[in-house]
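S.K.: Below is the structure I would like to discuss, written out as structure tokens.
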Amino acid sequence: MSTIMQKIKEIEDEMGRTQKNKATAHHLGLLKAKLAKLRRDLLAPPTKGGGAAAGEGFDVTKSGDSRVGLVGFPSVGKSTLLNKLTGTFSEVASYEFTTLTCIPGVITYRGAKIQLLDLPGIIEGAKDGKGRGRQVISTARTCNCILIVLDAIKPITHKRLIEKELEGFGIRLNKEPPNLTFRKKDKGGINLTSTVTATHLDLDTVKAICSEYRMHNADITLRYDATADDLIDVIEGSRIYMPCIYTINKIDQITLEELEILDKLPHYCPISAHLEWNLDGLLDKIWEYLNLTRIYTKPKAMNPDYDDPVILSSKKRTVEDFCIRIHKDMLKQFKYALVWGSSAKHKPQRVGREHELEDEDVVQIVKKI
């Protein structure tokens, strides 16, 4: 383990000494690929005899329709925020590292059950195994949205430090997956094509990165000006892309002028957990970033059930996904569905299982006789 840490430090030091220009792009790309492989080995080392990997998170049963993780340095108010939002008790004190394990809580909002996880405070170097960083960030990878909780009276540079720790664990915040295609093949060498002008990647850099992964035959297509980091992310294939809200806590302790400066941050929500300021605004933002879809069921000859919606994710909201969410055997009896709402061209519309539903649609399933 210490050898891997030493190699990581050596590569980071060399990257810090290397000037960034076209002449060094090839060398930097190779170093980044080496660094990504070492981090992967550090965080998920191979296990013997079926033992648990060191990168496993806390054992918290997933419940509800979506999961939100509270991440931040110690004593920024994560436990207070969980207590106020969910009524779950998580110990609060004025000293650091009050929370030593993951405390779950559940809040029902707009018909959806959202699980909140109060994760122990991380420290700088968590991505390299310091403290309980591996468990904290491994659990964060299982979330659908991250709240980075920041202390308004602490330096805003803490934001970048936490981002760096999460990125080191393969979590990409408020980003879309790289729009490039990487396809391995049996022969023919490395072929690079681009639909745009590539300023970060050339064939030599791509070949160096692929060689580090022992890939000597592949077709790569760039659909935007991708970087070496983007290519490495695609090759690694284990990156998690998720929305993130920067929750600035303790705004009651700063001036209005300071608050206006913080207001320029993207993906930002100011709160005071202790005084319960703007908690409704935070919940609205969580709902927006989770992008959940509420579907109401309508039994035959009855009114729709508006009290208990079926919750679907934005990426899985077809009639088939709706049926599976209710019961996996429902598709066996499925004949067609009647849909009322914004996704229907007329009311009701008869649709098949591929029909995409919209938020607050009403659905009636017609079964085979």
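Here, A, B, ... name the chains of the structure tokens in the order displayed, residue numbers run from 1 inside each chain, and ligands are numbered from 1 in the same displayed order.
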Would you mind listing what lies within 9 Å of range 253-258 of chain A as a ChimeraX atom specification, with only C-alpha atoms counted and same-chain residues fewer than 2 positions away left out?

M.R.: /A:152-153,250-251,260-263,272

S.K.: How about saving the chosen residues, all heavy atoms kept, as a PDB file, in the first residue's frame?

M.R.:
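The result, written out as selection11.pdb:
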```
ATOM      1  N   ALA A 152     -20.181  28.405   5.649  1.00  0.00           N
ATOM      2  CA  ALA A 152     -20.092  29.740   5.043  1.00  0.00           C
ATOM      3  C   ALA A 152     -18.957  30.574   5.615  1.00  0.00           C
ATOM      4  O   ALA A 152     -18.459  31.491   4.948  1.00  0.00           O
ATOM      5  CB  ALA A 152     -21.421  30.479   5.219  1.00  0.00           C
ATOM      6  N   ILE A 153     -18.521  30.262   6.847  1.00  0.00           N
ATOM      7  CA  ILE A 153     -17.463  31.080   7.458  1.00  0.00           C
ATOM      8  C   ILE A 153     -16.071  30.490   7.232  1.00  0.00           C
ATOM      9  O   ILE A 153     -15.077  31.058   7.671  1.00  0.00           O
ATOM     10  CB  ILE A 153     -17.718  31.270   8.975  1.00  0.00           C
ATOM     11  CG1 ILE A 153     -17.772  29.915   9.699  1.00  0.00           C
ATOM     12  CG2 ILE A 153     -18.992  32.048   9.216  1.00  0.00           C
ATOM     13  CD1 ILE A 153     -17.953  30.028  11.203  1.00  0.00           C
ATOM     14  N   LYS A 250     -24.784  27.770   7.575  1.00  0.00           N
ATOM     15  CA  LYS A 250     -24.421  28.814   8.557  1.00  0.00           C
ATOM     16  C   LYS A 250     -24.384  30.205   7.931  1.00  0.00           C
ATOM     17  O   LYS A 250     -23.549  31.042   8.286  1.00  0.00           O
ATOM     18  CB  LYS A 250     -23.072  28.495   9.220  1.00  0.00           C
ATOM     19  CG  LYS A 250     -23.008  27.104   9.858  1.00  0.00           C
ATOM     20  CD  LYS A 250     -21.673  26.829  10.511  1.00  0.00           C
ATOM     21  CE  LYS A 250     -21.591  25.400  11.017  1.00  0.00           C
ATOM     22  NZ  LYS A 250     -20.287  25.080  11.645  1.00  0.00           N
ATOM     23  N   ILE A 251     -25.320  30.482   7.004  1.00  0.00           N
ATOM     24  CA  ILE A 251     -25.350  31.803   6.380  1.00  0.00           C
ATOM     25  C   ILE A 251     -25.789  32.887   7.362  1.00  0.00           C
ATOM     26  O   ILE A 251     -25.650  34.082   7.072  1.00  0.00           O
ATOM     27  CB  ILE A 251     -26.255  31.825   5.122  1.00  0.00           C
ATOM     28  CG1 ILE A 251     -27.688  31.416   5.481  1.00  0.00           C
ATOM     29  CG2 ILE A 251     -25.685  30.936   4.032  1.00  0.00           C
ATOM     30  CD1 ILE A 251     -28.689  31.682   4.376  1.00  0.00           C
ATOM     31  N   GLU A 260     -23.954  37.605  -1.174  1.00  0.00           N
ATOM     32  CA  GLU A 260     -24.103  37.947  -2.588  1.00  0.00           C
ATOM     33  C   GLU A 260     -22.937  37.419  -3.419  1.00  0.00           C
ATOM     34  O   GLU A 260     -23.108  37.032  -4.579  1.00  0.00           O
ATOM     35  CB  GLU A 260     -24.210  39.470  -2.743  1.00  0.00           C
ATOM     36  CG  GLU A 260     -25.557  40.023  -2.280  1.00  0.00           C
ATOM     37  CD  GLU A 260     -25.610  41.540  -2.310  1.00  0.00           C
ATOM     38  OE1 GLU A 260     -24.536  42.162  -2.525  1.00  0.00           O
ATOM     39  OE2 GLU A 260     -26.710  42.103  -2.117  1.00  0.00           O
ATOM     40  N   ILE A 261     -21.752  37.375  -2.813  1.00  0.00           N
ATOM     41  CA  ILE A 261     -20.587  36.805  -3.509  1.00  0.00           C
ATOM     42  C   ILE A 261     -20.773  35.302  -3.695  1.00  0.00           C
ATOM     43  O   ILE A 261     -20.549  34.753  -4.782  1.00  0.00           O
ATOM     44  CB  ILE A 261     -19.293  37.093  -2.717  1.00  0.00           C
ATOM     45  CG1 ILE A 261     -18.987  38.599  -2.729  1.00  0.00           C
ATOM     46  CG2 ILE A 261     -18.108  36.314  -3.309  1.00  0.00           C
ATOM     47  CD1 ILE A 261     -17.859  39.007  -1.805  1.00  0.00           C
ATOM     48  N   LEU A 262     -21.229  34.619  -2.635  1.00  0.00           N
ATOM     49  CA  LEU A 262     -21.461  33.175  -2.722  1.00  0.00           C
ATOM     50  C   LEU A 262     -22.567  32.852  -3.725  1.00  0.00           C
ATOM     51  O   LEU A 262     -22.568  31.785  -4.344  1.00  0.00           O
ATOM     52  CB  LEU A 262     -21.848  32.618  -1.346  1.00  0.00           C
ATOM     53  CG  LEU A 262     -20.754  32.601  -0.282  1.00  0.00           C
ATOM     54  CD1 LEU A 262     -21.334  32.178   1.069  1.00  0.00           C
ATOM     55  CD2 LEU A 262     -19.623  31.673  -0.667  1.00  0.00           C
ATOM     56  N   ASP A 263     -23.493  33.799  -3.889  1.00  0.00           N
ATOM     57  CA  ASP A 263     -24.638  33.584  -4.772  1.00  0.00           C
ATOM     58  C   ASP A 263     -24.221  33.421  -6.233  1.00  0.00           C
ATOM     59  O   ASP A 263     -24.998  32.959  -7.064  1.00  0.00           O
ATOM     60  CB  ASP A 263     -25.602  34.769  -4.641  1.00  0.00           C
ATOM     61  CG  ASP A 263     -26.973  34.433  -5.197  1.00  0.00           C
ATOM     62  OD1 ASP A 263     -27.392  33.269  -5.073  1.00  0.00           O
ATOM     63  OD2 ASP A 263     -27.620  35.324  -5.777  1.00  0.00           O
ATOM     64  N   SER A 272     -29.373  27.871   6.559  1.00  0.00           N
ATOM     65  CA  SER A 272     -28.918  27.794   7.945  1.00  0.00           C
ATOM     66  C   SER A 272     -29.677  26.640   8.568  1.00  0.00           C
ATOM     67  O   SER A 272     -30.877  26.754   8.846  1.00  0.00           O
ATOM     68  CB  SER A 272     -29.199  29.095   8.708  1.00  0.00           C
ATOM     69  OG  SER A 272     -28.936  28.906  10.089  1.00  0.00           O
TER      70      SER A 272
END
```

S.K.: Find the residues around range 172-183 of chain A up to 7 Å (only C-alpha atoms counted), leave out those fewer than 2 positions away in its own chain, and share them as a list in words.

M.R.: Glu167, Gly170, Lys185, Ala218, Asp219, Ile220, Thr221, Leu222, Arg223, Tyr224, Asp230, Arg239, Ile240, Tyr241, Met242, Pro243 and Cys244 of chain A

S.K.: Just to be explicit: take each residue in the selection above, keep all heavy atoms, and write the result as a CSV table (one decimal), in the first residue's frame.

M.R.:
```
chain,number,residue,atom,x,y,z
A,167,GLU,N,-13.5,13.3,-7.1
A,167,GLU,CA,-13.0,13.0,-8.4
A,167,GLU,C,-11.9,11.9,-8.4
A,167,GLU,O,-11.9,11.1,-9.3
A,167,GLU,CB,-12.4,14.3,-9.1
A,167,GLU,CG,-13.4,15.3,-9.5
A,167,GLU,CD,-12.8,16.6,-9.9
A,167,GLU,OE1,-11.6,16.7,-9.9
A,167,GLU,OE2,-13.6,17.5,-10.2
A,170,GLY,N,-13.4,8.7,-8.7
A,170,GLY,CA,-14.2,8.4,-10.0
A,170,GLY,C,-15.6,9.0,-10.0
A,170,GLY,O,-16.4,8.5,-10.8
A,185,LYS,N,-10.8,-3.6,-30.8
A,185,LYS,CA,-10.9,-4.6,-31.9
A,185,LYS,C,-9.7,-5.5,-31.9
A,185,LYS,O,-8.8,-5.3,-31.0
A,185,LYS,CB,-11.0,-3.8,-33.2
A,185,LYS,CG,-9.8,-2.8,-33.5
A,185,LYS,CD,-10.0,-2.0,-34.7
A,185,LYS,CE,-8.8,-1.1,-35.0
A,185,LYS,NZ,-9.0,-0.3,-36.2
A,218,ALA,N,-7.8,-0.3,-31.4
A,218,ALA,CA,-9.1,0.3,-31.1
A,218,ALA,C,-9.4,1.4,-32.0
A,218,ALA,O,-8.6,2.1,-32.6
A,218,ALA,CB,-9.0,0.9,-29.6
A,219,ASP,N,-10.7,1.7,-32.2
A,219,ASP,CA,-11.2,2.8,-32.9
A,219,ASP,C,-11.8,3.8,-31.9
A,219,ASP,O,-12.6,3.5,-31.1
A,219,ASP,CB,-12.3,2.4,-33.9
A,219,ASP,CG,-11.8,1.6,-35.1
A,219,ASP,OD1,-10.6,1.8,-35.4
A,219,ASP,OD2,-12.5,0.7,-35.6
A,220,ILE,N,-11.3,5.1,-32.0
A,220,ILE,CA,-11.8,6.2,-31.1
A,220,ILE,C,-12.3,7.3,-32.0
A,220,ILE,O,-11.7,7.8,-32.9
A,220,ILE,CB,-10.6,6.7,-30.2
A,220,ILE,CG1,-10.1,5.5,-29.4
A,220,ILE,CG2,-11.0,7.8,-29.4
A,220,ILE,CD1,-8.6,5.4,-29.4
A,221,THR,N,-13.6,7.7,-31.6
A,221,THR,CA,-14.2,8.8,-32.3
A,221,THR,C,-14.6,9.9,-31.3
A,221,THR,O,-15.2,9.7,-30.3
A,221,THR,CB,-15.5,8.3,-33.0
A,221,THR,OG1,-15.2,7.2,-33.9
A,221,THR,CG2,-16.1,9.5,-33.8
A,222,LEU,N,-14.0,11.1,-31.6
A,222,LEU,CA,-14.3,12.3,-30.8
A,222,LEU,C,-15.4,13.1,-31.4
A,222,LEU,O,-15.3,13.5,-32.5
A,222,LEU,CB,-13.0,13.1,-30.6
A,222,LEU,CG,-11.7,12.4,-30.2
A,222,LEU,CD1,-10.6,13.4,-30.1
A,222,LEU,CD2,-11.9,11.7,-28.8
A,223,ARG,N,-16.4,13.4,-30.6
A,223,ARG,CA,-17.5,14.2,-31.1
A,223,ARG,C,-17.5,15.6,-30.4
A,223,ARG,O,-18.4,16.4,-30.6
A,223,ARG,CB,-18.9,13.6,-30.8
A,223,ARG,CG,-19.1,12.3,-31.5
A,223,ARG,CD,-20.4,11.7,-31.4
A,223,ARG,NE,-20.5,10.4,-32.0
A,223,ARG,CZ,-20.2,9.2,-31.5
A,223,ARG,NH1,-19.6,9.2,-30.3
A,223,ARG,NH2,-20.3,8.1,-32.2
A,224,TYR,N,-16.5,15.9,-29.6
A,224,TYR,CA,-16.2,17.2,-29.1
A,224,TYR,C,-14.8,17.3,-28.7
A,224,TYR,O,-14.0,16.3,-28.9
A,224,TYR,CB,-17.1,17.5,-27.8
A,224,TYR,CG,-16.7,16.7,-26.6
A,224,TYR,CD1,-16.3,17.4,-25.5
A,224,TYR,CD2,-16.7,15.3,-26.5
A,224,TYR,CE1,-15.9,16.7,-24.3
A,224,TYR,CE2,-16.3,14.6,-25.4
A,224,TYR,CZ,-15.9,15.3,-24.3
A,224,TYR,OH,-15.5,14.7,-23.2
A,230,ASP,N,-10.8,12.8,-20.2
A,230,ASP,CA,-12.1,12.2,-20.7
A,230,ASP,C,-11.8,10.8,-21.3
A,230,ASP,O,-12.6,9.9,-21.1
A,230,ASP,CB,-12.6,13.1,-21.8
A,230,ASP,CG,-13.1,14.5,-21.2
A,230,ASP,OD1,-13.4,14.5,-20.1
A,230,ASP,OD2,-13.0,15.5,-22.0
A,239,ARG,N,-16.6,5.3,-14.0
A,239,ARG,CA,-16.9,6.6,-13.5
A,239,ARG,C,-18.4,6.7,-13.2
A,239,ARG,O,-19.2,6.2,-13.9
A,239,ARG,CB,-16.4,7.7,-14.4
A,239,ARG,CG,-15.0,7.6,-14.8
A,239,ARG,CD,-14.0,7.4,-13.7
A,239,ARG,NE,-12.6,7.7,-14.0
A,239,ARG,CZ,-11.6,7.0,-13.4
A,239,ARG,NH1,-11.9,6.1,-12.5
A,239,ARG,NH2,-10.4,7.3,-13.7
A,240,ILE,N,-18.7,7.5,-12.1
A,240,ILE,CA,-20.1,7.8,-11.8
A,240,ILE,C,-20.4,9.2,-12.1
A,240,ILE,O,-19.6,10.1,-11.6
A,240,ILE,CB,-20.3,7.5,-10.3
A,240,ILE,CG1,-20.0,6.0,-9.9
A,240,ILE,CG2,-21.8,7.8,-9.9
A,240,ILE,CD1,-20.9,5.0,-10.5
A,241,TYR,N,-21.4,9.5,-12.8
A,241,TYR,CA,-21.8,10.9,-13.2
A,241,TYR,C,-23.1,11.2,-12.4
A,241,TYR,O,-24.1,10.6,-12.6
A,241,TYR,CB,-22.0,11.1,-14.7
A,241,TYR,CG,-20.7,10.8,-15.4
A,241,TYR,CD1,-20.4,9.5,-15.8
A,241,TYR,CD2,-19.8,11.8,-15.8
A,241,TYR,CE1,-19.2,9.2,-16.5
A,241,TYR,CE2,-18.6,11.5,-16.5
A,241,TYR,CZ,-18.3,10.2,-16.8
A,241,TYR,OH,-17.1,10.0,-17.5
A,242,MET,N,-23.0,12.2,-11.5
A,242,MET,CA,-24.2,12.5,-10.7
A,242,MET,C,-24.3,14.0,-10.4
A,242,MET,O,-23.3,14.7,-10.4
A,242,MET,CB,-24.2,11.7,-9.4
A,242,MET,CG,-23.1,12.1,-8.4
A,242,MET,SD,-23.3,11.3,-6.8
A,242,MET,CE,-22.9,9.6,-7.2
A,243,PRO,N,-25.5,14.4,-10.2
A,243,PRO,CA,-25.8,15.8,-9.9
A,243,PRO,C,-25.3,16.2,-8.5
A,243,PRO,O,-25.2,15.3,-7.6
A,243,PRO,CB,-27.3,16.0,-10.0
A,243,PRO,CG,-27.8,14.7,-9.7
A,243,PRO,CD,-26.8,13.7,-10.3
A,244,CYS,N,-24.9,17.4,-8.3
A,244,CYS,CA,-24.3,17.9,-7.0
A,244,CYS,C,-24.9,19.3,-6.6
A,244,CYS,O,-24.9,20.1,-7.5
A,244,CYS,CB,-22.8,17.8,-7.0
A,244,CYS,SG,-22.0,18.6,-5.5
```

S.K.: Restricting the calculation to only C-alpha atoms: of A:Leu82, A:Asp361, A:Ser238, A:Ile324, which residue gets closest to Ile295 in chain A?

M.R.: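 Counting only C-alpha atoms, the residue closest to Ile295 in chain A is A:Asp361.
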
S.K.: Any idea what the distance is between CA of Val106 in chain A and CA of Leu283 in chain A?

M.R.: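 Straight-line distance from CA of Val106 in chain A to CA of Leu283 in chain A works out to 12.6 Å.
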
S.K.: Would you please work out which residue, of A:Gly105, A:Gly281, A:Pro266, A:Pro348, is nearest to Ser79 in chain A when using only C-alpha atoms?

M.R.: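 Of A:Gly105, A:Gly281, A:Pro266, A:Pro348, the one nearest Ser79 in chain A is A:Gly105, counting only C-alpha atoms.
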
S.K.: Kindly indicate which residue among A:Ile162, A:Ile209, A:Leu81, A:Leu259 lies nearest to Leu231 in chain A, using only C-alpha atoms for the distances.

M.R.: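 So, comparing all the options, the nearest one is A:Ile209.
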